[in-house]
Structure formats: structure tokens, C-alpha cells
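**Q** Sharing structure.cif, mmCIF, C-alpha atoms:
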data_final
loop_
_atom_site.label_atom_id
_atom_site.label_comp_id
_atom_site.auth_asym_id
_atom_site.auth_seq_id
_atom_site.Cartn_x
_atom_site.Cartn_y
_atom_site.Cartn_z
CA MET G 185 11.00 22.60 99.55
CA SER G 186 9.14 21.77 102.76
CA GLU G 187 8.47 24.58 105.20
CA LYS G 188 11.05 24.83 107.96
CA ILE G 189 9.80 24.89 111.54
CA VAL G 190 11.57 27.30 113.82
CA VAL G 191 10.85 28.40 117.37
CA LEU G 192 11.52 31.72 119.07
CA LYS G 193 12.78 31.51 122.65
CA LYS G 194 13.30 34.57 124.83
CA LEU G 195 16.96 35.36 125.34
CA GLN G 196 18.25 34.18 128.70
CA GLU G 197 21.08 35.86 130.58
CA THR G 198 23.24 32.78 129.91
CA ASP G 199 22.71 33.22 126.13
CA LYS G 200 23.87 36.86 125.90
CA LEU G 201 27.57 36.26 125.22
CA GLU G 202 26.88 33.73 122.45
CA PHE G 203 24.19 36.04 120.97
CA LYS G 204 26.68 38.93 120.89
CA ASN G 205 29.43 36.83 119.35
CA LYS G 206 27.19 35.27 116.70
CA ILE G 207 25.51 38.52 115.62
CA GLN G 208 28.86 40.29 115.42
CA GLU G 209 30.22 37.38 113.36
CA ALA G 210 27.19 37.47 111.02
CA PHE G 211 27.24 41.25 110.54
CA GLY G 212 31.04 41.31 110.39
CA ILE G 213 31.16 39.23 107.21
CA ALA G 214 29.48 41.88 105.04
CA VAL G 215 31.28 44.76 106.76
CA ALA G 216 34.68 43.11 106.23
CA GLU G 217 33.87 42.38 102.56
CA ASN G 218 33.03 46.04 101.97
CA PHE G 219 35.24 47.99 104.38
CA GLY G 220 37.77 45.63 105.92
CA VAL G 221 37.75 44.65 109.56
CA ILE G 222 36.69 47.63 111.69
CA GLY G 223 35.68 46.05 114.98
CA PRO G 224 32.54 44.38 116.25
CA ILE G 225 29.30 45.48 114.57
CA PRO G 226 27.04 46.06 116.43
CA SER G 227 29.18 47.03 119.39
CA ASP G 228 28.81 45.38 122.79
CA ASP G 229 27.39 48.66 124.14
CA GLU G 230 24.79 48.87 121.36
CA LEU G 231 23.74 45.30 122.05
CA GLU G 232 23.45 45.92 125.79
CA GLU G 233 21.19 48.90 125.04
CA CYS G 234 19.01 46.64 122.90
CA PHE G 235 18.91 43.94 125.56
CA THR G 236 17.81 46.35 128.28
CA ALA G 237 15.35 48.56 126.35
CA SER G 238 11.94 48.06 127.92
CA ASP G 239 10.12 48.00 124.57
CA ASN G 240 12.45 45.43 122.98
CA ASP G 241 11.97 41.68 122.94
CA THR G 242 15.06 39.57 122.27
CA TYR G 243 14.91 36.01 120.97
CA CYS G 244 17.15 33.12 120.13
CA ILE G 245 15.91 31.29 117.05
CA PHE G 246 15.93 27.49 117.03
CA GLU G 247 15.34 24.79 114.46
CA GLY G 248 14.54 21.81 116.65
CA ASP G 249 17.05 21.94 119.48
CA LYS G 250 19.72 23.67 117.36
CA LYS G 251 20.21 27.41 117.83
CA ILE G 252 20.35 29.03 114.38
CA GLY G 253 20.05 32.78 114.94
CA GLY G 254 18.51 35.63 116.86
CA ALA G 255 16.27 38.65 116.65
CA ILE G 256 15.49 41.82 118.55
CA VAL G 257 12.13 43.47 117.91
CA LYS G 258 10.86 46.81 119.21
CA ILE G 259 7.16 46.62 120.01
CA ASN G 260 4.79 49.55 120.34
CA PRO G 261 1.58 48.12 121.80
CA LEU G 262 -0.35 51.37 121.23
CA THR G 263 0.29 51.92 117.52
CA GLN G 264 1.35 48.38 116.56
CA HIS G 265 3.99 50.00 114.34
CA ASN G 266 6.82 47.69 115.31
CA SER G 267 10.39 47.39 114.15
CA LEU G 268 12.88 44.66 113.48
CA GLU G 269 15.92 46.05 115.26
CA LEU G 270 18.33 43.17 114.62
CA PHE G 271 17.86 39.86 112.86
CA PHE G 272 20.42 37.25 111.92
CA ILE G 273 20.78 33.63 110.94
CA TYR G 274 24.06 31.82 111.56
CA ALA G 275 26.24 31.86 108.45
CA ASP G 276 26.60 28.06 108.37
CA VAL G 277 22.83 27.62 107.78
CA HIS G 278 22.27 30.40 105.20
CA GLY G 279 20.34 29.46 102.07
CA LYS G 280 18.17 26.81 103.72
CA GLY G 281 14.94 28.78 104.14
CA LEU G 282 15.49 29.32 107.85
CA GLY G 283 15.51 33.13 107.65
CA LEU G 284 12.07 33.15 106.04
CA ALA G 285 10.76 30.59 108.53
CA ALA G 286 12.13 32.70 111.40
CA TRP G 287 10.53 35.85 109.99
CA LYS G 288 7.17 34.03 109.70
CA ALA G 289 7.51 32.97 113.36
CA ILE G 290 8.10 36.62 114.34
CA GLU G 291 5.07 37.74 112.32
CA LYS G 292 2.97 35.05 113.99
CA GLN G 293 4.22 36.06 117.47
CA TYR G 294 3.21 39.67 116.78
CA SER G 295 0.15 39.09 114.59
CA ASP G 296 -1.46 42.40 115.69
CA THR G 297 1.34 44.36 114.00
CA LYS G 298 0.02 46.87 111.46
CA VAL G 299 3.41 48.00 110.12
CA TRP G 300 6.86 46.44 110.35
CA LYS G 301 9.90 48.69 109.89
CA THR G 302 13.51 47.72 109.42
CA ILE G 303 16.76 49.26 108.26
CA THR G 304 19.61 47.50 106.50
CA PRO G 305 22.86 48.88 105.09
CA TYR G 306 22.93 49.61 101.35
CA PHE G 307 25.84 47.19 100.84
CA GLU G 308 24.03 44.23 102.46
CA LYS G 309 22.72 42.75 99.22
CA ARG G 310 21.53 39.49 100.84
CA ASN G 311 19.47 41.40 103.40
CA ILE G 312 17.96 43.72 100.81
CA ASN G 313 17.01 40.76 98.62
CA PHE G 314 15.46 39.01 101.64
CA TYR G 315 13.41 41.99 102.81
CA VAL G 316 12.24 43.02 99.35
CA ASN G 317 11.63 39.64 97.74
CA LYS G 318 10.63 37.37 100.61
#
Could you express the structure from this file as C-alpha cells?
**A**
Amino acid sequence: MSEKIVVLKKLQETDKLEFKNKIQEAFGIAVAENFGVIGPIPSDDELEECFTASDNDTYCIFEGDKKIGGAIVKINPLTQHNSLELFFIYADVHGKGLGLAAWKAIEKQYSDTKVWKTITPYFEKRNINFYVNK
């Protein structure tokens, strides 16, 4: 399989509503499968906190001119121990290598990172497989 080329673009104010809707849709699938529908995950308030945190960078992820996902990373320029706060690929493009390509773009963007940290729910088998095996 040829390597996918994706581009990270800083989130613009005009992209926030779509970002919120798409991440809540993506996260909602696994939550609904395991617990039923319980409301938007992450909440609008949690997302606003992420958007406005001074040490967070928020990106829309594109393949060509098509938006395919998003990411929020927390960057500590002193320690270079950074964290992947939120990361998602649109459900309709899962399984095409775009998540790995997006992660590689993030690693390239923050090539000085010494340690990456992330958290994912125990029931999110796809995420666990991705983070452990990719």
C-alpha cells in the first residue's frame, strides 16, 4: 500500500463547529456501542477548554483538499514531553491508512518530542490496537 500524504492545518474559528460535530460523532460510535447514547463525548465545554488552552495546538487533518479528521496536541517546549489530547479520523475513511499517516505528520511537526503520552478508554479496541501496534 502506498504511503498516504496528509497535511495538518491549524484550526480556524470557522472550522470549530464542524470539528466539534465530527469528533463527537467519531467518539460517540464506540461509546454508544458500549454504553448506549449518553450525550456528546467530549462535551462542548471540554472542547472549548482544549481550543483555548495556551499550550494546545489544534489541527484539521486533510488528505489533499478533503478534510479527514482532527487532532489536539499539548506541547511542553521545556521538557518536550508532549501529549496527544484528542485525535480522530472521520469514520467514513477508517481502514485506509490515514490515521497512521496523520500520526506521522504530527510526529514530523513536533520532531523534538522526547516522549508522547496519550490516554484512550479501555473499551476503544481500535484505538488501543492503533497506539500499540502502529
**Q** Put the listed atoms of stretch 239-252 of chain G in a box along x, y and z with 5 Å added on every side and give me the centre and edge lengths in Å to one decimal, as AutoDock Vina command-line options.
**A**
--center_x 15.2 --center_y 34.9 --center_z 119.5 --size_x 20.2 --size_y 36.2 --size_z 20.2
**Q** I'd like the contact shell of G:Asn260 - 8 Å cut-off, all atoms listed in the file, skipping same-chain residues fewer than 5 positions apart - returned as a list of chain:residue names.
**A**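 Contacts, in chain order: G:Asp239, G:His265, G:Asn266.
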**Q** What residues come out when you apply the PyMOL selection byres ((chain G and resi 286) around 8) to this file, written as an mmCIF file with C-alpha atoms, keeping the file's coordinate frame?
**A**
data_model
loop_
_atom_site.group_PDB
_atom_site.id
_atom_site.type_symbol
_atom_site.label_atom_id
_atom_site.label_comp_id
_atom_site.auth_asym_id
_atom_site.auth_seq_id
_atom_site.Cartn_x
_atom_site.Cartn_y
_atom_site.Cartn_z
ATOM 1 C CA VAL G 190 11.570 27.300 113.820
ATOM 2 C CA VAL G 191 10.850 28.400 117.370
ATOM 3 C CA LEU G 192 11.520 31.720 119.070
ATOM 4 C CA ILE G 245 15.910 31.290 117.050
ATOM 5 C CA LEU G 282 15.490 29.320 107.850
ATOM 6 C CA GLY G 283 15.510 33.130 107.650
ATOM 7 C CA LEU G 284 12.070 33.150 106.040
ATOM 8 C CA ALA G 285 10.760 30.590 108.530
ATOM 9 C CA TRP G 287 10.530 35.850 109.990
ATOM 10 C CA LYS G 288 7.170 34.030 109.700
ATOM 11 C CA ALA G 289 7.510 32.970 113.360
ATOM 12 C CA ILE G 290 8.100 36.620 114.340
#
**Q** For a quick check of your reading of the model, name the residues lying within 12 Å of the coordinate (1.8, 46.6, 125.3), counting all atoms listed in the file, and write them as a list in words.
**A** Ser238, Asp239, Asn240, Asp241, Lys258, Ile259, Asn260, Pro261, Leu262, Thr263, Gln264, His265, Asn266, Tyr294, Asp296 and Thr297 of chain G
**Q** What is the atom CA of G:Thr198 to atom CA of G:Phe271 distance in Å?
**A**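 Atom CA of G:Phe271 lies at a distance of 19.2 Å from atom CA of G:Thr198.
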**Q** For G:Ile252, which of G:Asp276, G:Glu269, G:Glu197, G:Glu233 is the closest residue, counting all atoms listed in the file?
**A**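 Closest to G:Ile252, using all atoms listed in the file: G:Asp276.
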**Q** Between atom CA of G:Phe246 and atom CA of G:Lys301, what distance in Å does the model show, to one decimal?
**A**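 If I compute the distance from atom CA of G:Phe246 to atom CA of G:Lys301, I get 23.2 Å.
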**Q** Determine the nearest neighbour of G:Ile256 from the options G:Thr242, G:Lys188, G:Lys280, G:Asn205, counting all atoms listed in the file.
**A** G:Thr242
**Q** Excluding same-chain residues fewer than 5 positions from G:Ala275, what lies within 10 Å of it counting all atoms listed in the file, as a list in words?
**A**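 After dropping sequence-adjacent residues, the list is Lys206, Ile207, Glu209, Ala210, Phe211, Ile213, Ile252 and Gly253 of chain G.
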**Q** Could you list, as a PDB file with C-alpha atoms, keeping the file's coordinate frame, every residue matched by the PyMOL selection byres ((chain G and resi 225-230) around 7) in this structure?
**A**
ATOM      1  CA  GLN G 208      28.860  40.290 115.420  1.00  0.00           C
ATOM      2  CA  PHE G 211      27.240  41.250 110.540  1.00  0.00           C
ATOM      3  CA  GLY G 212      31.040  41.310 110.390  1.00  0.00           C
ATOM      4  CA  GLY G 223      35.680  46.050 114.980  1.00  0.00           C
ATOM      5  CA  PRO G 224      32.540  44.380 116.250  1.00  0.00           C
ATOM      6  CA  LEU G 231      23.740  45.300 122.050  1.00  0.00           C
ATOM      7  CA  GLU G 232      23.450  45.920 125.790  1.00  0.00           C
ATOM      8  CA  GLU G 233      21.190  48.900 125.040  1.00  0.00           C
ATOM      9  CA  CYS G 234      19.010  46.640 122.900  1.00  0.00           C
TER      10      CYS G 234
END
**Q** Which residue out of G:Val277, G:Ile189, G:Val299, G:Leu270 has the minimum interatomic distance to G:Val257 when all atoms listed in the file are used?
**A**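 Of G:Val277, G:Ile189, G:Val299, G:Leu270, the one nearest G:Val257 is G:Leu270, counting all atoms listed in the file.
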**Q** Between atom CA of G:Glu291 and atom CA of G:Lys250, what is the distance in Å, rounded to a tenth?
**A**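 That distance, rounded to one decimal, is 20.9 Å.
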**Q** List the residues selected by the PyMOL selection byres ((chain G and resi 243) around 6) in the file shown, writing them as a PDB file with C-alpha atoms, in the coordinates of the input.
**A**
ATOM      1  CA  LEU G 192      11.520  31.720 119.070  1.00  0.00           C
ATOM      2  CA  LYS G 193      12.780  31.510 122.650  1.00  0.00           C
ATOM      3  CA  LYS G 194      13.300  34.570 124.830  1.00  0.00           C
ATOM      4  CA  LEU G 195      16.960  35.360 125.340  1.00  0.00           C
ATOM      5  CA  THR G 242      15.060  39.570 122.270  1.00  0.00           C
ATOM      6  CA  CYS G 244      17.150  33.120 120.130  1.00  0.00           C
ATOM      7  CA  GLY G 254      18.510  35.630 116.860  1.00  0.00           C
ATOM      8  CA  ALA G 255      16.270  38.650 116.650  1.00  0.00           C
TER       9      ALA G 255
END
